Amino acid sequence: MKKSLFLSLAFLLGLVRLASAQTLSPLGTWQNEEKKATFEIYKCGNKLCGKIVTLTVPNDPATGKPKTDSQNPDPKLRNRPRLGLVFMQGFEYDDSNKWDDGKIYDPESGKTYSCYMKMINANTMEVKGYIGFSMIGKSQTWTRVK
C-alpha cells in the first residue's frame, strides 16, 4: 500500500514538473534589451527557431529603403529584407527550462554564434550567444511582448 502511494506521489510530482516546464515556454513574441526589434520564437519541426517581426527603425537612414541583410558574408543574401529574417534556429530542449544547441545570426555584423535560451520566468529569458564555450559570450535579457 505504501509503495503504491509513493509511486503515485512520485508520478504526480513528475507531472507537476512537466507542467511547470511547459508553462515556461519561450514560444511567443519577445523584445531585446535595446528595444531595437521584436522577435517571434516558434516551432520549426521538433526544434525552435526565431525570426524578426518588427524593427524600431525599419528603414535604412541613408537610403530610406527597408533594411536588408547587408552585412551577410554571402553576397547572394545581402539584399534579403531583415523583416521576417530567420536569425535563430536549431534550439532543442535541454533541461531546466533551457533550449540549447542553437545558432543565432546577428544581421548588424553578419556573424553567427552558438546560442542558448533559458527561461528566467514566464515573461523573461536569457539569450546567450557565444563562440566555443558558453561561459564566454554575451547574454541579453529578453522580455515577452505577447
# chains A, B, ... in the order shown; residues from 1 in each chain; ligands from 1
>>> select_by_dssp(residues="range 17-58 of chain A", states="strand (DSSP E or B)", output="list in words")
Gly28, Thr29, Trp30, Gln31, Ala37, Thr38, Phe39, Glu40, Ile41, Tyr42, Lys43, Cys44, Lys47, Leu48, Cys49, Gly50, Lys51, Ile52, Val53, Thr54 and Leu55 of chain A
>>> residues_around(residues="Glu92 in chain A", least_positions_apart="2", cutoff="7 Å", atoms="only C-alpha atoms", output="list of chain:residue names")
A:Lys47, A:Leu48, A:Gly90, A:Asp94, A:Trp99, A:Asp100, A:Asp101
>>> select_by_dssp(residues="chain A", states="helix (DSSP H, G or I)", output="list in words")
Lys2, Lys3, Ser4, Leu5, Phe6, Leu7, Ser8, Leu9, Ala10, Phe11, Leu12, Leu13, Gly14, Leu15, Val16, Arg17, Leu18, Ala19, Ser20, Ala21, Gln22, Thr23, Pro75, Lys76 and Leu77 of chain A
>>> write_last_selection(atoms="N, CA, C and O atoms", output="compact mmCIF listing (two decimals), in the first residue's frame")
# COMPACT_ATOMS: atom_id res chain seq x y z
N LYS A 2 1.86 1.29 0.91
CA LYS A 2 2.72 2.46 0.99
C LYS A 2 3.53 2.63 -0.29
O LYS A 2 3.75 3.74 -0.75
N LYS A 3 3.94 1.50 -0.88
CA LYS A 3 4.73 1.55 -2.11
C LYS A 3 3.91 2.16 -3.26
O LYS A 3 4.39 2.99 -4.01
N SER A 4 2.66 1.75 -3.40
CA SER A 4 1.82 2.30 -4.48
C SER A 4 1.50 3.77 -4.22
O SER A 4 1.41 4.56 -5.16
N LEU A 5 1.34 4.15 -2.97
CA LEU A 5 1.11 5.55 -2.65
C LEU A 5 2.35 6.38 -3.01
O LEU A 5 2.23 7.45 -3.60
N PHE A 6 3.53 5.84 -2.68
CA PHE A 6 4.78 6.53 -3.01
C PHE A 6 4.93 6.68 -4.53
O PHE A 6 5.30 7.75 -5.02
N LEU A 7 4.65 5.62 -5.28
CA LEU A 7 4.75 5.68 -6.74
C LEU A 7 3.76 6.68 -7.32
O LEU A 7 4.08 7.42 -8.25
N SER A 8 2.56 6.71 -6.78
CA SER A 8 1.55 7.67 -7.25
C SER A 8 2.00 9.10 -6.98
O SER A 8 1.85 9.98 -7.83
N LEU A 9 2.55 9.34 -5.79
CA LEU A 9 3.05 10.66 -5.45
C LEU A 9 4.21 11.07 -6.35
O LEU A 9 4.25 12.20 -6.85
N ALA A 10 5.12 10.15 -6.61
CA ALA A 10 6.26 10.43 -7.49
C ALA A 10 5.77 10.75 -8.90
O ALA A 10 6.27 11.66 -9.56
N PHE A 11 4.76 10.02 -9.37
CA PHE A 11 4.19 10.26 -10.69
C PHE A 11 3.56 11.65 -10.76
O PHE A 11 3.77 12.40 -11.72
N LEU A 12 2.80 12.01 -9.74
CA LEU A 12 2.17 13.34 -9.71
C LEU A 12 3.21 14.46 -9.68
O LEU A 12 3.05 15.48 -10.35
N LEU A 13 4.27 14.28 -8.91
CA LEU A 13 5.33 15.29 -8.87
C LEU A 13 5.99 15.42 -10.24
O LEU A 13 6.32 16.52 -10.67
N GLY A 14 6.16 14.32 -10.93
CA GLY A 14 6.71 14.36 -12.29
C GLY A 14 5.81 15.14 -13.22
O GLY A 14 6.27 15.94 -14.04
N LEU A 15 4.49 14.94 -13.11
CA LEU A 15 3.54 15.69 -13.94
C LEU A 15 3.59 17.18 -13.62
O LEU A 15 3.50 18.02 -14.51
N VAL A 16 3.72 17.52 -12.34
CA VAL A 16 3.81 18.93 -11.94
C VAL A 16 5.06 19.56 -12.55
O VAL A 16 5.01 20.67 -13.08
N ARG A 17 6.19 18.85 -12.50
CA ARG A 17 7.42 19.38 -13.11
C ARG A 17 7.26 19.56 -14.60
O ARG A 17 7.69 20.54 -15.17
N LEU A 18 6.63 18.59 -15.26
CA LEU A 18 6.41 18.67 -16.70
C LEU A 18 5.52 19.86 -17.02
O LEU A 18 5.80 20.64 -17.94
N ALA A 19 4.45 20.05 -16.27
CA ALA A 19 3.55 21.18 -16.48
C ALA A 19 4.27 22.50 -16.25
O ALA A 19 4.08 23.46 -16.98
N SER A 20 5.14 22.54 -15.25
CA SER A 20 5.90 23.75 -14.97
C SER A 20 6.83 24.09 -16.12
O SER A 20 6.95 25.24 -16.52
N ALA A 21 7.49 23.08 -16.68
CA ALA A 21 8.39 23.31 -17.81
C ALA A 21 7.61 23.82 -19.01
O ALA A 21 8.07 24.68 -19.74
N GLN A 22 6.41 23.30 -19.22
CA GLN A 22 5.60 23.74 -20.34
C GLN A 22 5.10 25.16 -20.12
O GLN A 22 4.94 25.91 -21.07
N THR A 23 4.88 25.56 -18.88
CA THR A 23 4.44 26.92 -18.58
C THR A 23 5.52 27.92 -18.95
O THR A 23 5.23 29.02 -19.39
N PRO A 75 27.39 37.17 -50.37
CA PRO A 75 26.89 38.30 -51.17
C PRO A 75 25.50 38.06 -51.76
O PRO A 75 24.74 39.01 -51.95
N LYS A 76 25.13 36.81 -52.02
CA LYS A 76 23.81 36.50 -52.60
C LYS A 76 22.67 36.79 -51.63
O LYS A 76 21.53 36.94 -52.06
N LEU A 77 22.97 36.86 -50.33
CA LEU A 77 21.93 37.07 -49.32
C LEU A 77 21.85 38.51 -48.82
O LEU A 77 20.98 38.83 -48.01
>>> atom_distance(atom1="CA of Leu83 in chain A", atom2="CA of Thr54 in chain A")
6.4 Å
>>> residues_around(residues="range 72-74 of chain A", least_positions_apart="2", cutoff="12 Å", atoms="only C-alpha atoms", output="PyMOL selection string")
chain A and resi 68-70+76-82+85+87+105-112
>>> write_last_selection(atoms="N, CA, C and O atoms", output="CSV table (one decimal), in the first residue's frame")
chain,number,residue,atom,x,y,z
A,68,THR,N,18.2,45.7,-45.1
A,68,THR,CA,18.4,44.4,-45.7
A,68,THR,C,19.5,43.8,-44.8
A,68,THR,O,20.1,44.4,-44.0
A,69,ASP,N,19.9,42.6,-45.2
A,69,ASP,CA,20.9,41.8,-44.6
A,69,ASP,C,22.3,42.1,-45.2
A,69,ASP,O,23.0,41.3,-45.6
A,70,SER,N,22.6,43.4,-45.2
A,70,SER,CA,23.7,43.9,-46.0
A,70,SER,C,25.1,43.5,-45.5
A,70,SER,O,26.1,43.5,-46.2
A,76,LYS,N,25.1,36.8,-52.0
A,76,LYS,CA,23.8,36.5,-52.6
A,76,LYS,C,22.7,36.8,-51.6
A,76,LYS,O,21.5,36.9,-52.1
A,77,LEU,N,23.0,36.9,-50.3
A,77,LEU,CA,21.9,37.1,-49.3
A,77,LEU,C,21.8,38.5,-48.8
A,77,LEU,O,21.0,38.8,-48.0
A,78,ARG,N,22.7,39.4,-49.3
A,78,ARG,CA,22.7,40.8,-48.8
A,78,ARG,C,21.5,41.6,-49.1
A,78,ARG,O,21.3,42.6,-48.5
A,79,ASN,N,20.7,41.2,-50.1
A,79,ASN,CA,19.6,42.0,-50.4
A,79,ASN,C,18.3,41.5,-49.8
A,79,ASN,O,17.2,42.1,-50.0
A,80,ARG,N,18.3,40.4,-49.0
A,80,ARG,CA,17.1,39.9,-48.4
A,80,ARG,C,16.7,40.9,-47.3
A,80,ARG,O,17.6,41.4,-46.5
A,81,PRO,N,15.4,41.1,-47.1
A,81,PRO,CA,14.9,42.0,-46.0
A,81,PRO,C,15.2,41.5,-44.6
A,81,PRO,O,15.2,40.3,-44.4
A,82,ARG,N,15.5,42.4,-43.7
A,82,ARG,CA,15.7,42.0,-42.3
A,82,ARG,C,14.3,41.6,-41.7
A,82,ARG,O,14.3,40.7,-40.9
A,85,LEU,N,13.3,37.9,-41.3
A,85,LEU,CA,14.6,37.1,-41.4
A,85,LEU,C,14.6,36.1,-40.2
A,85,LEU,O,14.5,36.4,-39.0
A,87,PHE,N,16.7,34.3,-37.9
A,87,PHE,CA,18.0,34.6,-37.4
A,87,PHE,C,18.4,33.6,-36.2
A,87,PHE,O,19.5,33.7,-35.8
A,105,TYR,N,22.1,34.5,-35.5
A,105,TYR,CA,22.8,35.3,-36.5
A,105,TYR,C,22.5,36.7,-36.2
A,105,TYR,O,21.4,37.1,-35.9
A,106,ASP,N,23.6,37.5,-36.2
A,106,ASP,CA,23.5,39.0,-36.0
A,106,ASP,C,23.5,39.7,-37.3
A,106,ASP,O,24.6,39.8,-37.9
A,107,PRO,N,22.4,40.2,-37.8
A,107,PRO,CA,22.4,40.9,-39.1
A,107,PRO,C,23.2,42.2,-39.1
A,107,PRO,O,23.5,42.7,-40.2
A,108,GLU,N,23.4,42.8,-37.9
A,108,GLU,CA,24.2,44.0,-37.9
A,108,GLU,C,25.7,43.8,-38.1
A,108,GLU,O,26.4,44.7,-38.6
A,109,SER,N,26.2,42.6,-37.8
A,109,SER,CA,27.6,42.3,-38.0
A,109,SER,C,27.8,41.2,-39.1
A,109,SER,O,28.9,41.1,-39.6
A,110,GLY,N,26.8,40.4,-39.4
A,110,GLY,CA,26.9,39.3,-40.3
A,110,GLY,C,27.6,38.1,-39.7
A,110,GLY,O,28.0,37.2,-40.4
A,111,LYS,N,27.6,38.0,-38.3
A,111,LYS,CA,28.3,36.9,-37.7
A,111,LYS,C,27.2,36.0,-37.1
A,111,LYS,O,26.1,36.4,-36.7
A,112,THR,N,27.6,34.7,-37.0
A,112,THR,CA,26.7,33.7,-36.4
A,112,THR,C,27.4,33.1,-35.2
A,112,THR,O,28.6,32.8,-35.2
>>> atom_distance(atom1="CA of Ser96 in chain A", atom2="CA of Thr38 in chain A")
24.7 Å
>>> residues_around(residues="Ser25 in chain A", least_positions_apart="2", cutoff="12 Å", atoms="only C-alpha atoms", output="ChimeraX atom specification")
/A:18-23,27-30,41-43,48,93,95-99,117-125,144
>>> write_last_selection(atoms="C-alpha atoms", output="PDB file, in the first residue's frame")
ATOM      1  CA  LEU A  18       6.411  18.675 -16.699  1.00  0.00           C
ATOM      2  CA  ALA A  19       3.549  21.179 -16.484  1.00  0.00           C
ATOM      3  CA  SER A  20       5.905  23.751 -14.965  1.00  0.00           C
ATOM      4  CA  ALA A  21       8.391  23.314 -17.811  1.00  0.00           C
ATOM      5  CA  GLN A  22       5.596  23.742 -20.342  1.00  0.00           C
ATOM      6  CA  THR A  23       4.443  26.917 -18.577  1.00  0.00           C
ATOM      7  CA  LEU A  27       7.226  30.347 -27.750  1.00  0.00           C
ATOM      8  CA  GLY A  28       5.837  33.802 -28.472  1.00  0.00           C
ATOM      9  CA  THR A  29       6.975  37.332 -29.225  1.00  0.00           C
ATOM     10  CA  TRP A  30       9.964  38.898 -27.452  1.00  0.00           C
ATOM     11  CA  ILE A  41      10.121  32.258 -31.284  1.00  0.00           C
ATOM     12  CA  TYR A  42       8.240  29.392 -32.958  1.00  0.00           C
ATOM     13  CA  LYS A  43       8.409  25.657 -33.583  1.00  0.00           C
ATOM     14  CA  LEU A  48      12.701  26.124 -32.073  1.00  0.00           C
ATOM     15  CA  TYR A  93      15.084  21.480 -25.122  1.00  0.00           C
ATOM     16  CA  ASP A  95      16.615  20.752 -19.189  1.00  0.00           C
ATOM     17  CA  SER A  96      15.628  23.234 -16.506  1.00  0.00           C
ATOM     18  CA  ASN A  97      13.754  25.468 -18.970  1.00  0.00           C
ATOM     19  CA  LYS A  98      16.814  25.754 -21.228  1.00  0.00           C
ATOM     20  CA  TRP A  99      16.907  25.364 -25.007  1.00  0.00           C
ATOM     21  CA  MET A 117      17.830  30.384 -24.414  1.00  0.00           C
ATOM     22  CA  LYS A 118      16.966  29.938 -20.737  1.00  0.00           C
ATOM     23  CA  MET A 119      13.641  30.950 -19.261  1.00  0.00           C
ATOM     24  CA  ILE A 120      14.023  33.012 -16.079  1.00  0.00           C
ATOM     25  CA  ASN A 121      10.282  33.312 -15.548  1.00  0.00           C
ATOM     26  CA  ALA A 122       7.185  33.290 -17.764  1.00  0.00           C
ATOM     27  CA  ASN A 123       7.971  36.718 -19.259  1.00  0.00           C
ATOM     28  CA  THR A 124      11.764  36.926 -19.122  1.00  0.00           C
ATOM     29  CA  MET A 125      14.508  34.845 -20.689  1.00  0.00           C
ATOM     30  CA  ARG A 144       7.921  38.778 -23.581  1.00  0.00           C
TER      31      ARG A 144
END
>>> atom_distance(atom1="CA of Gly50 in chain A", atom2="CA of Ala62 in chain A")
27.5 Å
>>> residues_around(residues="Glu33 in chain A", least_positions_apart="6", cutoff="9 Å", atoms="only C-alpha atoms", output="number ranges by chain")
A: 140-143
>>> closest_atom_pairs(of="range 34-120 of chain A", to="range 133-137 of chain A", cutoff="9 Å", atoms="only C-alpha atoms", output="Markdown table")
| residue | atom | partner | partner_atom | distance |
| --- | --- | --- | --- | --- |
| A:Ser114 | CA | A:Ser134 | CA | 8.1 |
| A:Cys115 | CA | A:Ser134 | CA | 7.9 |
| A:Tyr116 | CA | A:Ser134 | CA | 8.4 |
>>> write_last_selection(atoms="C-alpha atoms", output="compact mmCIF listing (two decimals), in the first residue's frame")
# COMPACT_ATOMS: atom_id res chain seq x y z
CA SER A 114 26.27 29.27 -30.89
CA CYS A 115 23.37 30.14 -28.60
CA TYR A 116 21.08 29.00 -25.82
>>> residues_around(residues="Gly84 in chain A", least_positions_apart="4", cutoff="6 Å", atoms="only C-alpha atoms", output="PyMOL selection string")
chain A and resi 51-53
>>> write_last_selection(atoms="N, CA and C atoms", output="JSON list (two decimals), in the first residue's frame")
[["chain", "number", "residue", "atom", "x", "y", "z"],
["A", 51, "LYS", "N", 12.44, 34.55, -35.67],
["A", 51, "LYS", "CA", 12.52, 35.48, -36.79],
["A", 51, "LYS", "C", 12.22, 36.90, -36.32],
["A", 52, "ILE", "N", 12.72, 37.86, -37.07],
["A", 52, "ILE", "CA", 12.49, 39.28, -36.77],
["A", 52, "ILE", "C", 11.10, 39.65, -37.26],
["A", 53, "VAL", "N", 10.25, 40.19, -36.37],
["A", 53, "VAL", "CA", 8.90, 40.57, -36.77],
["A", 53, "VAL", "C", 8.69, 42.08, -36.83]]
>>> decode(residues="range 95-126 of chain A", atoms="C-alpha atoms", output="PDB file, in the first residue's frame")
ATOM      1  CA  ASP A  95      16.615  20.752 -19.189  1.00  0.00           C
ATOM      2  CA  SER A  96      15.628  23.234 -16.506  1.00  0.00           C
ATOM      3  CA  ASN A  97      13.754  25.468 -18.970  1.00  0.00           C
ATOM      4  CA  LYS A  98      16.814  25.754 -21.228  1.00  0.00           C
ATOM      5  CA  TRP A  99      16.907  25.364 -25.007  1.00  0.00           C
ATOM      6  CA  ASP A 100      20.418  24.732 -26.312  1.00  0.00           C
ATOM      7  CA  ASP A 101      22.452  23.760 -29.384  1.00  0.00           C
ATOM      8  CA  GLY A 102      21.024  26.651 -31.389  1.00  0.00           C
ATOM      9  CA  LYS A 103      22.578  29.249 -33.635  1.00  0.00           C
ATOM     10  CA  ILE A 104      21.922  32.986 -33.613  1.00  0.00           C
ATOM     11  CA  TYR A 105      22.787  35.272 -36.501  1.00  0.00           C
ATOM     12  CA  ASP A 106      23.494  38.978 -35.957  1.00  0.00           C
ATOM     13  CA  PRO A 107      22.424  40.854 -39.104  1.00  0.00           C
ATOM     14  CA  GLU A 108      24.187  44.011 -37.891  1.00  0.00           C
ATOM     15  CA  SER A 109      27.597  42.280 -38.007  1.00  0.00           C
ATOM     16  CA  GLY A 110      26.948  39.335 -40.314  1.00  0.00           C
ATOM     17  CA  LYS A 111      28.267  36.912 -37.660  1.00  0.00           C
ATOM     18  CA  THR A 112      26.718  33.674 -36.425  1.00  0.00           C
ATOM     19  CA  TYR A 113      27.167  32.367 -32.885  1.00  0.00           C
ATOM     20  CA  SER A 114      26.266  29.274 -30.886  1.00  0.00           C
ATOM     21  CA  CYS A 115      23.373  30.141 -28.598  1.00  0.00           C
ATOM     22  CA  TYR A 116      21.083  29.005 -25.823  1.00  0.00           C
ATOM     23  CA  MET A 117      17.830  30.384 -24.414  1.00  0.00           C
ATOM     24  CA  LYS A 118      16.966  29.938 -20.737  1.00  0.00           C
ATOM     25  CA  MET A 119      13.641  30.950 -19.261  1.00  0.00           C
ATOM     26  CA  ILE A 120      14.023  33.012 -16.079  1.00  0.00           C
ATOM     27  CA  ASN A 121      10.282  33.312 -15.548  1.00  0.00           C
ATOM     28  CA  ALA A 122       7.185  33.290 -17.764  1.00  0.00           C
ATOM     29  CA  ASN A 123       7.971  36.718 -19.259  1.00  0.00           C
ATOM     30  CA  THR A 124      11.764  36.926 -19.122  1.00  0.00           C
ATOM     31  CA  MET A 125      14.508  34.845 -20.689  1.00  0.00           C
ATOM     32  CA  GLU A 126      18.264  34.935 -21.004  1.00  0.00           C
TER      33      GLU A 126
END
